[in-house]
Amino acid sequence: MVEHARDSSPREALRALLAADAEPRLRRLVHALSPREAAILIESLPPGRRELAWELVDEEDEGEILVELNDEVRAQIMEGMESAALVDAAEGLPLDDLADLVADLPRDITERIIRSLDKDERELLQSVLVFPPDSAGGLMAPEVVSVRPDMTLEGVLAYLRSHPELPEDLYCVYVVDRRRRYRGVLQVRDLLGGAADARVSRFMDTEARPIHCDTSASDVIRQFQNIDSSVAAVVDDEGRLVGQITADDVVDALQEQTDHEILGSVGLDEDDDMFAPVAVSTGRRTLWLGLNLVTALVAAGVVAWFKPAVERVALLAVLLPVVASMGGIAGSQTLTLMVRGLSQGRIQNSNVRWLLWKEIAVGLLNGLGWALVVAVVTLGVFSNLEVALIAGAAIAINLLAAAASGVLVPLILRRINIDPALA
């Protein structure tokens, strides 16, 4: 089994080596993985195996792997770590990653970590912690390099050389005034390729728009889709530079948003542990199942309301699933388009009315077309003109109502500050 592990995926190899108790090879395998790969690997193991795999992680890699774990698994791992080990794991992490980690730590450990930082690092960390995690301020890295527009390129290079520690993600140099208000961006290619005595103001890009620190993560994603850059400045209410967001941050935010919408649509959370205890998983799903039971009972009540008609014409009961299915699919189509358009910012007050009438027209045409098909099929199968006309009318009305609801329901939910993708 151990020999077979050489040719399998890292996760399968780890499982095989755990079963074979081959600790030296296990340690080499875990050490060879990136922090993200190691986190995925640990999350894919049942709880008992996770502790064994975590013991094989090198101490200098623990902080980076903890940051990559989802919230629930990270909490489980940190419960088994001593306070000193948690402080050591946080040491050396980029401040944006450190902000994510300390949010889940006990207060005493958080205070110890903050005390271990120098004054500048403490101030930068506090500047990130004040923002919600799903905002531009929560996503940003506070470490940036900024210069004045009247500096020469040679002076900027000398300034960079004199810095003991440059930011890990140094894609550009930001230009600010004396009050640290954002003025533009100096690209590295211009810094290296320009004349040494040229001023920064000659090469800086003043059209690179910054992102406000209170911008939501979904809006940050949309803005990055519209800019030709892998990095953007973040500013506060007064236009002062407070940090930067990189494409890596946006990719992580997009993944979280996608997981949130997909799992939230069925009542789950993106941080739920796949290997959580049965009782915990059961409790989480009970509420959602209960809500769906209520809606199912409402639908059953509507059918019961028409019980006399169904009893008189038994064929109507046969056609009920057809009408319900067609309406459900039509509504889902419109609803999916609306949720996607809202999340991408393509649906605004200026085009909502046009979109509503367009979807109603689509629903009407589809309703009339499929009503004719259903009526003809019903007449041919059951030889009952009355039932055929009722079935056709039901299809037409249902598809029209589904189209209108698919547009209006997400808009109403957004108006009352409820995420349509989840509700």
# chains A, B, ... in the order shown; residues from 1 in each chain; ligands from 1
>>> select_by_dssp(residues="segment 169-214 of chain A", states="strand (DSSP E or B)", output="count of residues only")
16
>>> select_by_dssp(residues="segment 158-209 of chain A", states="helix (DSSP H, G or I)", output="list of chain:residue names")
A:Ala158, A:Tyr159, A:Leu160, A:Arg161, A:Ser162, A:Val188, A:Arg189, A:Asp190, A:Leu191, A:Leu192, A:Gly193, A:Val200, A:Ser201, A:Arg202, A:Phe203
>>> write_last_selection(atoms="N, CA and C atoms", output="CSV table (one decimal), in the first residue's frame")
chain,number,residue,atom,x,y,z
A,158,ALA,N,16.8,54.5,-4.4
A,158,ALA,CA,17.6,54.5,-3.2
A,158,ALA,C,16.7,54.3,-1.9
A,159,TYR,N,15.5,54.8,-2.0
A,159,TYR,CA,14.6,54.7,-0.9
A,159,TYR,C,14.2,53.2,-0.7
A,160,LEU,N,14.0,52.5,-1.8
A,160,LEU,CA,13.7,51.1,-1.7
A,160,LEU,C,14.8,50.2,-1.2
A,161,ARG,N,16.1,50.6,-1.7
A,161,ARG,CA,17.2,49.8,-1.2
A,161,ARG,C,17.5,50.0,0.3
A,162,SER,N,17.1,51.2,0.8
A,162,SER,CA,17.3,51.4,2.2
A,162,SER,C,16.3,50.8,3.1
A,188,VAL,N,6.6,49.5,-11.7
A,188,VAL,CA,8.0,49.1,-11.6
A,188,VAL,C,8.7,49.2,-12.9
A,189,ARG,N,8.1,48.9,-14.0
A,189,ARG,CA,8.7,49.0,-15.3
A,189,ARG,C,9.1,50.4,-15.6
A,190,ASP,N,8.3,51.4,-15.2
A,190,ASP,CA,8.7,52.8,-15.4
A,190,ASP,C,9.8,53.2,-14.5
A,191,LEU,N,9.7,52.7,-13.3
A,191,LEU,CA,10.7,53.0,-12.3
A,191,LEU,C,12.1,52.5,-12.8
A,192,LEU,N,12.2,51.3,-13.3
A,192,LEU,CA,13.4,50.8,-13.8
A,192,LEU,C,13.9,51.3,-15.1
A,193,GLY,N,12.9,51.7,-16.0
A,193,GLY,CA,13.2,52.1,-17.3
A,193,GLY,C,13.4,53.5,-17.6
A,200,VAL,N,9.0,61.5,-10.5
A,200,VAL,CA,7.9,60.5,-10.4
A,200,VAL,C,6.6,61.0,-11.1
A,201,SER,N,6.4,62.3,-10.9
A,201,SER,CA,5.1,62.9,-11.5
A,201,SER,C,5.1,62.7,-13.0
A,202,ARG,N,6.2,62.5,-13.7
A,202,ARG,CA,6.2,62.3,-15.1
A,202,ARG,C,5.7,61.0,-15.5
A,203,PHE,N,6.0,60.0,-14.7
A,203,PHE,CA,5.6,58.6,-15.1
A,203,PHE,C,4.4,58.0,-14.3
>>> closest_residue(among="A:Ala394, A:Leu297, A:Ala276, A:Ile360", to="Pro321 of chain A", atoms="only C-alpha atoms")
A:Ala394
>>> closest_residue(among="A:Ala141, A:Ile416, A:Leu408, A:Val128", to="Gly331 of chain A", atoms="only C-alpha atoms")
A:Leu408
>>> residues_around(residues="Ala208 of chain A", least_positions_apart="4", cutoff="9 Å", atoms="only C-alpha atoms", output="list in words")
Gly184, Val185, Ile227, Ser229, Ala232 and Ala233 of chain A
>>> write_last_selection(atoms="N, CA and C atoms", output="compact mmCIF listing (two decimals), in the first residue's frame")
# COMPACT_ATOMS: atom_id res chain seq x y z
N GLY A 184 -1.65 58.58 -7.37
CA GLY A 184 -1.44 57.75 -8.55
C GLY A 184 -0.54 56.56 -8.25
N VAL A 185 -0.12 55.90 -9.33
CA VAL A 185 0.69 54.68 -9.22
C VAL A 185 1.92 54.80 -10.11
N ILE A 227 -10.73 46.46 -14.47
CA ILE A 227 -9.44 47.15 -14.54
C ILE A 227 -8.39 46.22 -15.11
N SER A 229 -5.26 45.52 -14.26
CA SER A 229 -4.18 45.56 -13.28
C SER A 229 -4.35 44.42 -12.30
N ALA A 232 -4.62 47.11 -6.72
CA ALA A 232 -5.34 48.38 -6.62
C ALA A 232 -5.12 48.97 -5.23
N ALA A 233 -5.02 50.29 -5.18
CA ALA A 233 -4.86 50.98 -3.90
C ALA A 233 -6.18 51.02 -3.15
>>> residues_around(residues="Asp248 of chain A", least_positions_apart="6", cutoff="12 Å", atoms="only C-alpha atoms", output="list in words")
Leu139, Met140, Ala141, Asp169, Ile221, Phe224, Ser229, Ser230, Val231, Ala232, Leu254 and Gln255 of chain A
>>> write_last_selection(atoms="C-alpha atoms", output="JSON list (two decimals), in the first residue's frame")
[["chain", "number", "residue", "atom", "x", "y", "z"],
["A", 139, "LEU", "CA", -9.18, 42.15, 2.31],
["A", 140, "MET", "CA", -6.31, 44.59, 1.90],
["A", 141, "ALA", "CA", -2.67, 44.25, 2.89],
["A", 169, "ASP", "CA", 3.60, 41.90, -2.82],
["A", 221, "ILE", "CA", -14.45, 41.66, -7.36],
["A", 224, "PHE", "CA", -11.13, 44.16, -10.57],
["A", 229, "SER", "CA", -4.18, 45.56, -13.28],
["A", 230, "SER", "CA", -3.29, 42.94, -10.71],
["A", 231, "VAL", "CA", -3.30, 45.40, -7.82],
["A", 232, "ALA", "CA", -5.34, 48.38, -6.62],
["A", 254, "LEU", "CA", -14.29, 35.16, -5.29],
["A", 255, "GLN", "CA", -13.86, 31.57, -4.12]]
>>> closest_residue(among="A:Gly80, A:Pro35, A:Pro132, A:Pro210", to="Glu55 of chain A", atoms="only C-alpha atoms")
A:Gly80
>>> residues_around(residues="segment 64-73 of chain A", least_positions_apart="6", cutoff="9 Å", atoms="only C-alpha atoms", output="PyMOL selection string")
chain A and resi 34-40+42-43+47+57+89-90+93+97-98+100-101+104+270-273
>>> write_last_selection(atoms="C-alpha atoms", output="PDB file, in the first residue's frame")
ATOM      1  CA  SER A  34       2.254  24.494  -0.390  1.00  0.00           C
ATOM      2  CA  PRO A  35       0.282  25.921   2.569  1.00  0.00           C
ATOM      3  CA  ARG A  36      -2.925  25.871   0.523  1.00  0.00           C
ATOM      4  CA  GLU A  37      -2.383  22.262  -0.581  1.00  0.00           C
ATOM      5  CA  ALA A  38      -1.591  21.208   2.977  1.00  0.00           C
ATOM      6  CA  ALA A  39      -4.747  22.933   4.243  1.00  0.00           C
ATOM      7  CA  ILE A  40      -6.939  21.180   1.661  1.00  0.00           C
ATOM      8  CA  ILE A  42      -5.945  18.330   6.265  1.00  0.00           C
ATOM      9  CA  GLU A  43      -9.561  19.362   5.637  1.00  0.00           C
ATOM     10  CA  PRO A  47     -10.992  14.509  12.635  1.00  0.00           C
ATOM     11  CA  VAL A  57       3.682  19.997   9.970  1.00  0.00           C
ATOM     12  CA  ALA A  89       2.692  30.284  14.528  1.00  0.00           C
ATOM     13  CA  ALA A  90       1.523  33.888  14.127  1.00  0.00           C
ATOM     14  CA  LEU A  93       2.828  36.175   8.971  1.00  0.00           C
ATOM     15  CA  ASP A  97      -3.088  37.051   7.099  1.00  0.00           C
ATOM     16  CA  LEU A  98      -2.353  37.783  10.752  1.00  0.00           C
ATOM     17  CA  ASP A 100      -7.535  36.793   9.694  1.00  0.00           C
ATOM     18  CA  LEU A 101      -5.886  34.550  12.265  1.00  0.00           C
ATOM     19  CA  ASP A 104     -10.338  33.466  15.839  1.00  0.00           C
ATOM     20  CA  GLU A 270     -18.947  27.507   3.387  1.00  0.00           C
ATOM     21  CA  ASP A 271     -17.012  27.011   6.628  1.00  0.00           C
ATOM     22  CA  ASP A 272     -18.961  23.922   7.674  1.00  0.00           C
ATOM     23  CA  ASP A 273     -16.725  20.925   8.299  1.00  0.00           C
TER      24      ASP A 273
END
>>> decode(residues="segment 350-362 of chain A", atoms="N, CA and C atoms", output="tab-separated table (two decimals), in the first residue's frame")
chain	number	residue	atom	x	y	z
A	350	SER	N	-31.97	51.91	-13.59
A	350	SER	CA	-32.26	52.43	-14.93
A	350	SER	C	-32.73	51.36	-15.90
A	351	ASN	N	-32.40	50.09	-15.65
A	351	ASN	CA	-32.78	49.06	-16.62
A	351	ASN	C	-33.71	47.99	-16.04
A	352	VAL	N	-34.14	48.16	-14.79
A	352	VAL	CA	-34.99	47.15	-14.17
A	352	VAL	C	-36.33	47.04	-14.87
A	353	ARG	N	-36.95	48.19	-15.19
A	353	ARG	CA	-38.27	48.14	-15.82
A	353	ARG	C	-38.21	47.46	-17.17
A	354	TRP	N	-37.17	47.79	-17.95
A	354	TRP	CA	-37.02	47.16	-19.28
A	354	TRP	C	-36.85	45.66	-19.12
A	355	LEU	N	-36.04	45.26	-18.14
A	355	LEU	CA	-35.79	43.83	-17.92
A	355	LEU	C	-37.05	43.11	-17.48
A	356	LEU	N	-37.86	43.76	-16.64
A	356	LEU	CA	-39.11	43.15	-16.18
A	356	LEU	C	-40.04	42.87	-17.36
A	357	TRP	N	-40.23	43.88	-18.22
A	357	TRP	CA	-41.12	43.69	-19.36
A	357	TRP	C	-40.57	42.67	-20.34
A	358	LYS	N	-39.25	42.63	-20.47
A	358	LYS	CA	-38.64	41.65	-21.37
A	358	LYS	C	-38.90	40.23	-20.87
A	359	GLU	N	-38.71	39.99	-19.57
A	359	GLU	CA	-38.93	38.66	-19.02
A	359	GLU	C	-40.41	38.28	-19.04
A	360	ILE	N	-41.29	39.25	-18.84
A	360	ILE	CA	-42.73	38.97	-18.94
A	360	ILE	C	-43.08	38.57	-20.36
A	361	ALA	N	-42.47	39.26	-21.34
A	361	ALA	CA	-42.73	38.91	-22.74
A	361	ALA	C	-42.23	37.51	-23.05
A	362	VAL	N	-41.04	37.17	-22.53
A	362	VAL	CA	-40.50	35.82	-22.73
A	362	VAL	C	-41.42	34.79	-22.08
